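Coordinates from my_file16.cif are shown below (mmCIF, C-alpha atoms).
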```
data_start
loop_
_atom_site.group_PDB
_atom_site.id
_atom_site.type_symbol
_atom_site.label_atom_id
_atom_site.label_comp_id
_atom_site.auth_asym_id
_atom_site.auth_seq_id
_atom_site.Cartn_x
_atom_site.Cartn_y
_atom_site.Cartn_z
ATOM 1 C CA MET A 21 -49.186 17.739 -33.797
ATOM 2 C CA ARG A 22 -46.998 16.098 -31.164
ATOM 3 C CA ASP A 23 -45.228 18.514 -28.856
ATOM 4 C CA ASP A 24 -43.257 16.061 -26.712
ATOM 5 C CA PHE A 25 -40.041 17.403 -28.248
ATOM 6 C CA LEU A 26 -40.501 20.463 -26.016
ATOM 7 C CA PRO A 27 -38.970 20.744 -22.532
ATOM 8 C CA THR A 28 -41.313 20.340 -19.565
ATOM 9 C CA ALA A 29 -39.673 23.310 -17.815
ATOM 10 C CA PRO A 30 -40.269 26.755 -19.329
ATOM 11 C CA ILE A 31 -37.238 28.413 -20.901
ATOM 12 C CA ASP A 32 -37.140 31.122 -18.234
ATOM 13 C CA VAL A 33 -36.942 28.444 -15.524
ATOM 14 C CA LEU A 34 -34.054 26.770 -17.350
ATOM 15 C CA GLN A 35 -32.319 30.154 -17.416
ATOM 16 C CA GLN A 36 -32.920 30.427 -13.674
ATOM 17 C CA ARG A 37 -31.397 26.969 -13.311
ATOM 18 C CA ALA A 38 -28.282 28.254 -15.062
ATOM 19 C CA GLU A 39 -28.206 31.250 -12.701
ATOM 20 C CA LEU A 40 -28.400 28.894 -9.700
ATOM 21 C CA LEU A 41 -25.507 26.803 -11.036
ATOM 22 C CA LYS A 42 -23.391 29.952 -11.385
ATOM 23 C CA ALA A 43 -24.289 31.057 -7.846
ATOM 24 C CA VAL A 44 -23.360 27.650 -6.424
ATOM 25 C CA ARG A 45 -19.981 27.669 -8.173
ATOM 26 C CA ARG A 46 -19.255 31.217 -6.988
ATOM 27 C CA PHE A 47 -20.069 30.198 -3.434
ATOM 28 C CA PHE A 48 -17.757 27.173 -3.370
ATOM 29 C CA ASP A 49 -14.961 28.768 -5.398
ATOM 30 C CA GLY A 50 -14.973 31.753 -3.057
ATOM 31 C CA ARG A 51 -14.485 29.517 -0.027
ATOM 32 C CA GLY A 52 -11.463 27.610 -1.219
ATOM 33 C CA TYR A 53 -13.215 24.541 -2.635
ATOM 34 C CA TRP A 54 -12.241 23.297 -6.071
ATOM 35 C CA GLU A 55 -14.540 21.575 -8.512
ATOM 36 C CA VAL A 56 -13.870 17.971 -9.480
ATOM 37 C CA VAL A 57 -15.297 15.666 -12.137
ATOM 38 C CA THR A 58 -15.469 11.930 -11.416
ATOM 39 C CA PRO A 59 -16.923 9.095 -13.522
ATOM 40 C CA VAL A 60 -20.679 8.672 -13.663
ATOM 41 C CA MET A 61 -20.089 5.081 -14.799
ATOM 42 C CA SER A 62 -18.016 2.829 -12.553
ATOM 43 C CA ARG A 63 -17.332 -0.810 -11.700
ATOM 44 C CA GLU A 64 -18.405 -0.078 -8.105
ATOM 45 C CA SER A 65 -21.490 1.506 -6.578
ATOM 46 C CA VAL A 66 -22.742 2.518 -3.159
ATOM 47 C CA VAL A 67 -24.117 -0.641 -1.513
ATOM 48 C CA ASP A 68 -27.417 0.486 -0.004
ATOM 49 C CA ALA A 69 -30.679 -1.420 0.281
ATOM 50 C CA ASN A 70 -32.558 1.809 -0.491
ATOM 51 C CA LEU A 71 -30.612 2.723 -3.648
ATOM 52 C CA ASP A 72 -30.786 0.641 -6.813
ATOM 53 C CA PRO A 73 -28.282 1.582 -9.543
ATOM 54 C CA PHE A 74 -28.676 1.193 -13.282
ATOM 55 C CA VAL A 75 -26.394 -1.494 -14.710
ATOM 56 C CA VAL A 76 -24.547 -0.904 -18.006
ATOM 57 C CA GLU A 77 -22.970 -3.709 -20.051
ATOM 58 C CA GLY A 78 -23.462 -6.056 -17.121
ATOM 59 C CA GLN A 79 -20.397 -4.812 -15.229
ATOM 60 C CA PHE A 80 -20.657 -1.032 -14.858
ATOM 61 C CA PHE A 81 -22.989 1.038 -12.696
ATOM 62 C CA LEU A 82 -24.359 4.519 -13.296
ATOM 63 C CA GLN A 83 -23.509 6.272 -10.058
ATOM 64 C CA THR A 84 -26.236 6.896 -7.499
ATOM 65 C CA SER A 85 -23.929 9.673 -6.226
ATOM 66 C CA PRO A 86 -20.262 10.619 -6.740
ATOM 67 C CA GLU A 87 -19.498 9.660 -3.127
ATOM 68 C CA LEU A 88 -17.123 6.748 -3.669
ATOM 69 C CA ALA A 89 -14.875 8.511 -6.163
ATOM 70 C CA MET A 90 -14.774 11.782 -4.216
ATOM 71 C CA LYS A 91 -13.700 9.969 -1.050
ATOM 72 C CA ARG A 92 -10.913 8.329 -3.012
ATOM 73 C CA LEU A 93 -9.749 11.857 -3.891
ATOM 74 C CA LEU A 94 -9.806 12.800 -0.196
ATOM 75 C CA SER A 95 -7.625 9.800 0.546
ATOM 76 C CA ALA A 96 -5.235 10.967 -2.189
ATOM 77 C CA GLY A 97 -4.811 14.370 -0.533
ATOM 78 C CA ALA A 98 -7.730 16.585 -1.614
ATOM 79 C CA LYS A 99 -8.985 18.853 1.176
ATOM 80 C CA SER A 100 -12.053 20.794 0.040
ATOM 81 C CA ILE A 101 -13.827 19.587 -3.113
ATOM 82 C CA TYR A 102 -17.257 19.847 -4.698
ATOM 83 C CA GLN A 103 -19.005 18.414 -7.734
ATOM 84 C CA LEU A 104 -22.139 19.138 -9.758
ATOM 85 C CA SER A 105 -22.958 15.790 -11.254
ATOM 86 C CA PRO A 106 -25.769 13.781 -12.816
ATOM 87 C CA ALA A 107 -26.844 10.918 -10.560
ATOM 88 C CA PHE A 108 -29.005 7.927 -11.445
ATOM 89 C CA ARG A 109 -31.365 5.810 -9.336
ATOM 90 C CA ARG A 110 -33.678 3.065 -10.513
ATOM 91 C CA GLY A 111 -37.263 3.031 -9.344
ATOM 92 C CA GLU A 112 -37.352 6.697 -8.377
ATOM 93 C CA GLN A 113 -39.886 8.540 -10.504
ATOM 94 C CA GLY A 114 -42.742 10.820 -9.519
ATOM 95 C CA ARG A 115 -43.566 14.348 -8.461
ATOM 96 C CA LEU A 116 -40.329 14.704 -6.483
ATOM 97 C CA HIS A 117 -38.119 12.154 -8.257
ATOM 98 C CA ASN A 118 -36.615 11.508 -11.671
ATOM 99 C CA PRO A 119 -34.285 8.554 -12.360
ATOM 100 C CA GLU A 120 -31.649 11.045 -13.544
ATOM 101 C CA PHE A 121 -31.156 14.158 -11.440
ATOM 102 C CA THR A 122 -28.488 16.704 -10.499
ATOM 103 C CA MET A 123 -26.476 16.163 -7.339
ATOM 104 C CA LEU A 124 -24.365 18.823 -5.651
ATOM 105 C CA GLU A 125 -21.910 16.976 -3.417
ATOM 106 C CA TRP A 126 -18.963 18.255 -1.408
ATOM 107 C CA TYR A 127 -16.420 17.251 1.245
ATOM 108 C CA HIS A 128 -14.310 19.248 3.673
ATOM 109 C CA TYR A 129 -11.244 17.966 5.473
ATOM 110 C CA GLY A 130 -11.413 18.111 9.274
ATOM 111 C CA ASP A 131 -15.065 19.155 9.598
ATOM 112 C CA THR A 132 -17.771 17.469 11.653
ATOM 113 C CA HIS A 133 -21.407 17.290 10.610
ATOM 114 C CA HIS A 134 -22.185 20.216 12.940
ATOM 115 C CA GLU A 135 -19.713 22.450 11.116
ATOM 116 C CA GLN A 136 -21.204 21.395 7.803
ATOM 117 C CA MET A 137 -24.663 22.362 9.026
ATOM 118 C CA ASP A 138 -23.207 25.868 9.450
ATOM 119 C CA PHE A 139 -21.850 25.681 5.903
ATOM 120 C CA VAL A 140 -25.154 24.483 4.406
ATOM 121 C CA GLU A 141 -26.963 27.343 6.132
ATOM 122 C CA GLU A 142 -24.449 29.762 4.643
ATOM 123 C CA LEU A 143 -25.039 28.269 1.177
ATOM 124 C CA ILE A 144 -28.829 28.544 1.437
ATOM 125 C CA ARG A 145 -28.593 32.159 2.602
ATOM 126 C CA GLU A 146 -26.230 32.979 -0.261
ATOM 127 C CA VAL A 147 -28.364 31.560 -3.072
ATOM 128 C CA SER A 148 -31.492 33.085 -1.538
ATOM 129 C CA ALA A 149 -29.852 36.518 -1.525
ATOM 130 C CA THR A 150 -28.102 36.391 -4.906
ATOM 131 C CA CYS A 151 -30.676 34.609 -7.109
ATOM 132 C CA SER A 152 -33.348 37.135 -8.011
ATOM 133 C CA PHE A 153 -35.997 34.470 -8.596
ATOM 134 C CA ALA A 154 -35.744 32.871 -5.105
ATOM 135 C CA LYS A 155 -39.037 34.367 -3.952
ATOM 136 C CA HIS A 156 -40.297 31.206 -2.260
ATOM 137 C CA LEU A 157 -37.104 30.396 -0.345
ATOM 138 C CA LEU A 158 -37.659 32.133 2.986
ATOM 139 C CA VAL A 159 -34.795 32.286 5.474
ATOM 140 C CA PRO A 160 -34.949 33.592 9.060
ATOM 141 C CA GLU A 161 -32.791 36.416 10.353
ATOM 142 C CA GLY A 162 -31.468 34.159 13.104
ATOM 143 C CA PRO A 163 -29.929 30.656 12.843
ATOM 144 C CA PHE A 164 -31.852 27.821 11.253
ATOM 145 C CA ARG A 165 -33.577 25.566 13.770
ATOM 146 C CA ARG A 166 -31.674 22.385 14.698
ATOM 147 C CA ARG A 167 -33.348 19.448 16.412
ATOM 148 C CA THR A 168 -32.476 15.806 16.885
ATOM 149 C CA TYR A 169 -34.350 12.987 15.190
ATOM 150 C CA ASP A 170 -35.675 11.876 18.576
ATOM 151 C CA ASP A 171 -36.822 15.408 19.428
ATOM 152 C CA VAL A 172 -38.929 15.836 16.292
ATOM 153 C CA CYS A 173 -40.341 12.305 16.648
ATOM 154 C CA ALA A 174 -41.291 12.988 20.268
ATOM 155 C CA LEU A 175 -43.118 16.151 19.224
ATOM 156 C CA ALA A 176 -45.047 14.408 16.436
ATOM 157 C CA LEU A 177 -45.611 11.001 18.050
ATOM 158 C CA GLY A 178 -45.542 11.738 21.761
ATOM 159 C CA THR A 179 -42.433 9.649 22.426
ATOM 160 C CA THR A 180 -38.819 9.191 21.412
ATOM 161 C CA VAL A 181 -38.102 6.241 19.106
ATOM 162 C CA LEU A 182 -34.365 5.558 18.843
ATOM 163 C CA ASP A 183 -34.411 3.031 21.678
ATOM 164 C CA GLN A 184 -37.660 1.327 20.645
ATOM 165 C CA GLU A 185 -38.006 -2.086 19.007
ATOM 166 C CA ALA A 186 -40.133 -2.992 16.004
ATOM 167 C CA ALA A 187 -43.123 -4.116 18.087
ATOM 168 C CA GLN A 188 -43.240 -0.790 19.945
ATOM 169 C CA LEU A 189 -42.950 1.154 16.703
ATOM 170 C CA ARG A 190 -45.768 -0.902 15.223
ATOM 171 C CA GLU A 191 -47.973 0.031 18.171
ATOM 172 C CA LEU A 192 -47.128 3.701 17.601
ATOM 173 C CA ALA A 193 -48.199 3.428 13.968
ATOM 174 C CA GLU A 194 -51.450 1.763 14.980
ATOM 175 C CA SER A 195 -52.215 4.415 17.613
ATOM 176 C CA ALA A 196 -51.515 7.133 15.030
ATOM 177 C CA GLN A 197 -53.886 5.349 12.619
ATOM 178 C CA ILE A 198 -51.248 5.201 9.919
ATOM 179 C CA SER A 199 -52.041 2.975 6.952
ATOM 180 C CA VAL A 200 -49.527 0.112 6.903
ATOM 181 C CA PRO A 201 -48.384 -1.374 3.569
ATOM 182 C CA GLU A 202 -48.839 -5.139 3.300
ATOM 183 C CA SER A 203 -45.181 -5.545 2.341
ATOM 184 C CA LEU A 204 -43.956 -4.228 5.724
ATOM 185 C CA SER A 205 -42.993 -7.163 7.939
ATOM 186 C CA GLN A 206 -43.635 -7.029 11.680
ATOM 187 C CA GLY A 207 -39.951 -7.324 12.576
ATOM 188 C CA ASP A 208 -38.621 -4.704 10.141
ATOM 189 C CA ARG A 209 -37.563 -2.019 12.620
ATOM 190 C CA ASP A 210 -36.189 0.387 10.017
ATOM 191 C CA GLY A 211 -39.311 -0.131 7.935
ATOM 192 C CA TRP A 212 -41.493 0.953 10.859
ATOM 193 C CA LEU A 213 -39.217 3.894 11.599
ATOM 194 C CA ASN A 214 -39.440 5.009 7.976
ATOM 195 C CA LEU A 215 -43.224 4.614 7.939
ATOM 196 C CA LEU A 216 -43.669 6.747 11.060
ATOM 197 C CA TRP A 217 -41.157 9.287 9.769
ATOM 198 C CA GLY A 218 -42.673 9.620 6.305
ATOM 199 C CA GLU A 219 -46.302 9.755 7.426
ATOM 200 C CA ALA A 220 -46.250 11.636 10.740
ATOM 201 C CA VAL A 221 -42.960 13.527 11.081
ATOM 202 C CA GLU A 222 -41.273 14.616 7.843
ATOM 203 C CA PRO A 223 -44.237 16.496 6.290
ATOM 204 C CA GLN A 224 -44.205 18.916 9.245
ATOM 205 C CA LEU A 225 -40.524 19.835 9.029
ATOM 206 C CA GLY A 226 -39.230 23.180 7.780
ATOM 207 C CA ARG A 227 -42.711 24.556 7.215
ATOM 208 C CA GLU A 228 -41.967 28.108 8.332
ATOM 209 C CA PHE A 229 -38.213 28.275 7.715
ATOM 210 C CA PRO A 230 -35.473 25.756 6.816
ATOM 211 C CA GLU A 231 -34.529 23.419 9.665
ATOM 212 C CA PHE A 232 -31.950 20.727 10.327
ATOM 213 C CA VAL A 233 -32.582 17.328 11.857
ATOM 214 C CA TYR A 234 -29.566 15.374 13.107
ATOM 215 C CA ASP A 235 -28.616 12.213 15.064
ATOM 216 C CA TYR A 236 -30.491 9.789 12.813
ATOM 217 C CA PRO A 237 -30.932 6.119 13.827
ATOM 218 C CA ALA A 238 -27.635 4.220 13.938
ATOM 219 C CA SER A 239 -29.254 1.542 11.760
ATOM 220 C CA GLN A 240 -29.601 4.221 9.058
ATOM 221 C CA ALA A 241 -26.057 5.547 9.345
ATOM 222 C CA ALA A 242 -25.127 4.733 5.717
ATOM 223 C CA LEU A 243 -21.481 5.934 5.629
ATOM 224 C CA ALA A 244 -21.649 8.192 8.685
ATOM 225 C CA LYS A 245 -19.922 7.673 12.025
ATOM 226 C CA ILE A 246 -21.891 6.514 15.053
ATOM 227 C CA ASN A 247 -22.262 9.129 17.782
ATOM 228 C CA PRO A 248 -19.725 8.146 20.492
ATOM 229 C CA ASP A 249 -22.035 9.575 23.177
ATOM 230 C CA ASN A 250 -25.177 7.802 21.908
ATOM 231 C CA GLN A 251 -24.802 4.433 20.217
ATOM 232 C CA HIS A 252 -28.417 4.625 19.008
ATOM 233 C CA ALA A 253 -27.580 7.634 16.798
ATOM 234 C CA ALA A 254 -25.494 8.300 13.686
ATOM 235 C CA GLU A 255 -23.623 11.560 13.085
ATOM 236 C CA ARG A 256 -25.813 12.406 10.141
ATOM 237 C CA PHE A 257 -28.118 15.339 9.346
ATOM 238 C CA GLU A 258 -30.703 16.420 6.812
ATOM 239 C CA LEU A 259 -32.081 19.848 5.914
ATOM 240 C CA PHE A 260 -35.833 20.266 5.389
ATOM 241 C CA ILE A 261 -37.680 23.075 3.667
ATOM 242 C CA ASN A 262 -41.476 22.981 3.324
ATOM 243 C CA GLY A 263 -41.561 19.338 4.434
ATOM 244 C CA LEU A 264 -39.065 18.386 1.747
ATOM 245 C CA GLU A 265 -35.629 16.885 2.334
ATOM 246 C CA ILE A 266 -33.006 18.988 0.536
ATOM 247 C CA CYS A 267 -29.689 17.505 1.601
ATOM 248 C CA ASN A 268 -28.058 14.709 3.562
ATOM 249 C CA GLY A 269 -24.759 15.170 5.425
ATOM 250 C CA TYR A 270 -22.376 12.904 7.346
ATOM 251 C CA HIS A 271 -19.452 13.045 9.704
ATOM 252 C CA GLU A 272 -17.740 10.527 7.466
ATOM 253 C CA LEU A 273 -16.950 6.960 8.434
ATOM 254 C CA THR A 274 -13.194 6.261 8.147
ATOM 255 C CA ASP A 275 -12.989 2.698 9.548
ATOM 256 C CA ALA A 276 -12.521 0.147 6.737
ATOM 257 C CA ASN A 277 -13.575 -2.795 8.919
ATOM 258 C CA GLU A 278 -16.786 -1.037 9.892
ATOM 259 C CA LEU A 279 -17.439 -0.297 6.219
ATOM 260 C CA ARG A 280 -17.043 -3.990 5.372
ATOM 261 C CA ALA A 281 -19.546 -4.909 8.087
ATOM 262 C CA ARG A 282 -22.074 -2.349 6.811
ATOM 263 C CA VAL A 283 -21.682 -3.562 3.237
ATOM 264 C CA VAL A 284 -22.504 -7.104 4.383
ATOM 265 C CA ALA A 285 -25.545 -5.853 6.315
ATOM 266 C CA GLU A 286 -26.841 -3.791 3.374
ATOM 267 C CA SER A 287 -26.203 -6.684 0.983
ATOM 268 C CA ASN A 288 -28.309 -8.944 3.203
ATOM 269 C CA LYS A 289 -31.108 -6.362 3.210
ATOM 270 C CA ARG A 290 -30.939 -6.180 -0.584
ATOM 271 C CA ALA A 291 -31.138 -9.962 -0.843
ATOM 272 C CA SER A 292 -34.158 -10.038 1.482
ATOM 273 C CA ALA A 293 -35.854 -7.413 -0.688
ATOM 274 C CA GLY A 294 -35.139 -9.395 -3.852
ATOM 275 C CA LEU A 295 -32.665 -6.842 -5.178
ATOM 276 C CA PRO A 296 -29.565 -7.925 -7.128
ATOM 277 C CA ALA A 297 -26.241 -8.208 -5.322
ATOM 278 C CA LEU A 298 -23.691 -5.404 -5.678
ATOM 279 C CA PRO A 299 -19.917 -5.831 -5.508
ATOM 280 C CA GLU A 300 -17.941 -4.799 -2.460
ATOM 281 C CA PRO A 301 -16.588 -1.249 -2.996
ATOM 282 C CA ARG A 302 -13.001 -2.465 -2.766
ATOM 283 C CA ARG A 303 -11.430 0.779 -3.981
ATOM 284 C CA LEU A 304 -13.199 2.800 -1.282
ATOM 285 C CA ILE A 305 -12.127 0.213 1.291
ATOM 286 C CA ALA A 306 -8.549 0.521 0.011
ATOM 287 C CA ALA A 307 -8.806 4.314 0.332
ATOM 288 C CA MET A 308 -9.938 3.963 3.941
ATOM 289 C CA GLU A 309 -7.120 1.544 4.697
ATOM 290 C CA ALA A 310 -4.640 3.964 3.133
ATOM 291 C CA GLY A 311 -5.937 6.750 5.382
ATOM 292 C CA LEU A 312 -9.231 8.449 4.582
ATOM 293 C CA PRO A 313 -8.963 11.682 6.626
ATOM 294 C CA GLU A 314 -11.471 12.933 9.142
ATOM 295 C CA SER A 315 -14.008 14.922 7.133
ATOM 296 C CA ALA A 316 -17.652 15.757 6.622
ATOM 297 C CA GLY A 317 -19.584 15.556 3.374
ATOM 298 C CA VAL A 318 -22.967 16.661 2.070
ATOM 299 C CA ALA A 319 -25.133 15.667 -0.898
ATOM 300 C CA LEU A 320 -27.777 18.190 -1.986
ATOM 301 C CA GLY A 321 -30.527 17.711 -4.578
ATOM 302 C CA LEU A 322 -30.176 20.743 -6.832
ATOM 303 C CA ASP A 323 -33.466 20.127 -8.643
ATOM 304 C CA ARG A 324 -35.394 20.122 -5.364
ATOM 305 C CA LEU A 325 -33.685 23.311 -4.221
ATOM 306 C CA LEU A 326 -34.704 25.034 -7.457
ATOM 307 C CA MET A 327 -38.260 23.740 -7.030
ATOM 308 C CA ILE A 328 -38.463 25.413 -3.637
ATOM 309 C CA MET A 329 -36.869 28.641 -4.854
ATOM 310 C CA ILE A 330 -39.498 29.160 -7.558
ATOM 311 C CA GLY A 331 -42.451 27.412 -5.878
ATOM 312 C CA ALA A 332 -42.691 24.560 -8.405
ATOM 313 C CA GLU A 333 -44.950 21.599 -7.626
ATOM 314 C CA SER A 334 -43.126 18.936 -9.630
ATOM 315 C CA ILE A 335 -39.527 18.127 -10.490
ATOM 316 C CA ALA A 336 -40.603 18.093 -14.145
ATOM 317 C CA ASP A 337 -41.171 21.845 -13.812
ATOM 318 C CA VAL A 338 -37.423 22.431 -13.364
ATOM 319 C CA LEU A 339 -35.984 19.804 -15.735
ATOM 320 C CA PRO A 340 -35.691 20.217 -19.489
ATOM 321 C CA PHE A 341 -36.425 16.582 -20.312
ATOM 322 C CA PRO A 342 -37.501 14.188 -17.519
ATOM 323 C CA LEU A 343 -37.569 10.474 -18.233
ATOM 324 C CA ASP A 344 -40.749 10.420 -20.313
ATOM 325 C CA ARG A 345 -39.219 12.999 -22.682
ATOM 326 C CA ALA A 346 -35.581 11.930 -22.526
#
```

When written as structure tokens, how does the structure in this file appear?
Amino acid sequence: MRDDFLPTAPIDVLQQRAELLKAVRRFFDGRGYWEVVTPVMSRESVVDANLDPFVVEGQFFLQTSPELAMKRLLSAGAKSIYQLSPAFRRGEQGRLHNPEFTMLEWYHYGDTHHEQMDFVEELIREVSATCSFAKHLLVPEGPFRRRTYDDVCALALGTTVLDQEAAQLRELAESAQISVPESLSQGDRDGWLNLLWGEAVEPQLGREFPEFVYDYPASQAALAKINPDNQHAAERFELFINGLEICNGYHELTDANELRARVVAESNKRASAGLPALPEPRRLIAAMEAGLPESAGVALGLDRLLMIMIGAESIADVLPFPLDRA
């Protein structure tokens, strides 16, 4: 008898998922944020060489995150907003990924990424304390550790990397005896950075307690500002728990001309990788031109957070119906 009609997550875990959703809403509602709902299907999508959206009817995209629409709301006057939303990404399936997943995303008027690191820490402490099942989410009594991207790379690789070129990064990978994929070209600086990061640095992060890494490479800024005191670094952070990235936060880019330039650069990367072209996000550009306010935003993978809270090994353990049962 076939049993693939059953959920992959046990019913008690799905009940814990519901408890986590309630705790998240209580946290944001209690701090003056209001919940918004934006379209999961849109004529525009985030233009990123690392994110490939699903295309519907040849002209709509299932959103890789609610970022574009939520920033349009900021431009219209919203101050503190959050959203619990399904997000969709092609080519992302495995132990830690499902093509459809739950994104918790929020924005706060006037904040920097450093202030949002404080807020994320507050959120993690809250859900750890209020969700009875969070036995595997350990938080320290003192502040979460915060280190720069260069600092953690220097500890793992013996040198900082933000000012190094592709050839130097390649030598680092060779000296660390890291297996290099055949598809990685010698001049792909970000490719070498990502290889070193994924193989030698990231697995060691947040092993004892949650920790933040900030000041990521400027070439990986996405929609974050560049650090005015260090042009090699973007004002972007991530939180790691047990070697797993949980969230990604930015001091948000507000310059429409800079956004246009980044869209062109990411489009060229997509073309080089053989990925289909994506349209310019003209409505987000219009929002920036109209006056996107200074703000900081964070996107957090709710499924991964639940995995850590209960000690699950696979994302399928916290989803009712992952792709192969959808």

For the structure shown, which residues end up in the PyMOL selection byres ((chain A and resi 239-256) around 7)? Put them as a list of chain:residue names, please? A:His133, A:Leu182, A:Asp183, A:Tyr234, A:Asp235, A:Tyr236, A:Pro237, A:Ala238, A:Phe257, A:Gly269, A:Tyr270, A:His271, A:Glu272, A:Leu273

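The smallest atom-to-atom distance between Val66 of chain A and any of A:Pro86, A:Gly97, A:Gly331, A:Pro313, using only C-alpha atoms, is found for A:Pro86.
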
Is it possible to get the residues within 10 Å of (-22.8, 12.2, -4.1) (coordinates as in the file, counting all atoms listed in the file) written as a list in words?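 Looking at atoms near the point gives Val66, Gln83, Thr84, Ser85, Pro86, Glu87, Leu88, Ala89, Met90, Lys91, Tyr102, Gln103, Leu104, Ser105, Pro106, Ala107, Thr122, Met123, Leu124, Glu125, Trp126, Tyr127, Asn268, Gly317, Val318, Ala319, Leu320 and Gly321 of chain A.
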
At what distance in Å, to one decimal, does atom CA of Arg46 of chain A lie from atom CA of Ser100 of chain A?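 Separation between atom CA of Ser100 of chain A and atom CA of Arg46 of chain A: 14.5 Å.
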
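Distances to Ala96 of chain A were evaluated for A:Leu213, A:Thr168, A:Glu309, A:Val33 using only C-alpha atoms, and the minimum falls at A:Glu309.
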
Evaluating the PyMOL selection byres ((chain A and resi 37) around 12) on the displayed file yields which residues, as a PyMOL selection string? chain A and resi 29-36+38-44+122+147+151-154+322-327+329-330+337-340

What lies within 12 Å of segment 202-212 of chain A using only C-alpha atoms, ignoring chain neighbours under 6 positions off, as a ChimeraX atom specification? /A:69-70,181-194,218-220,236-241,289,292-293
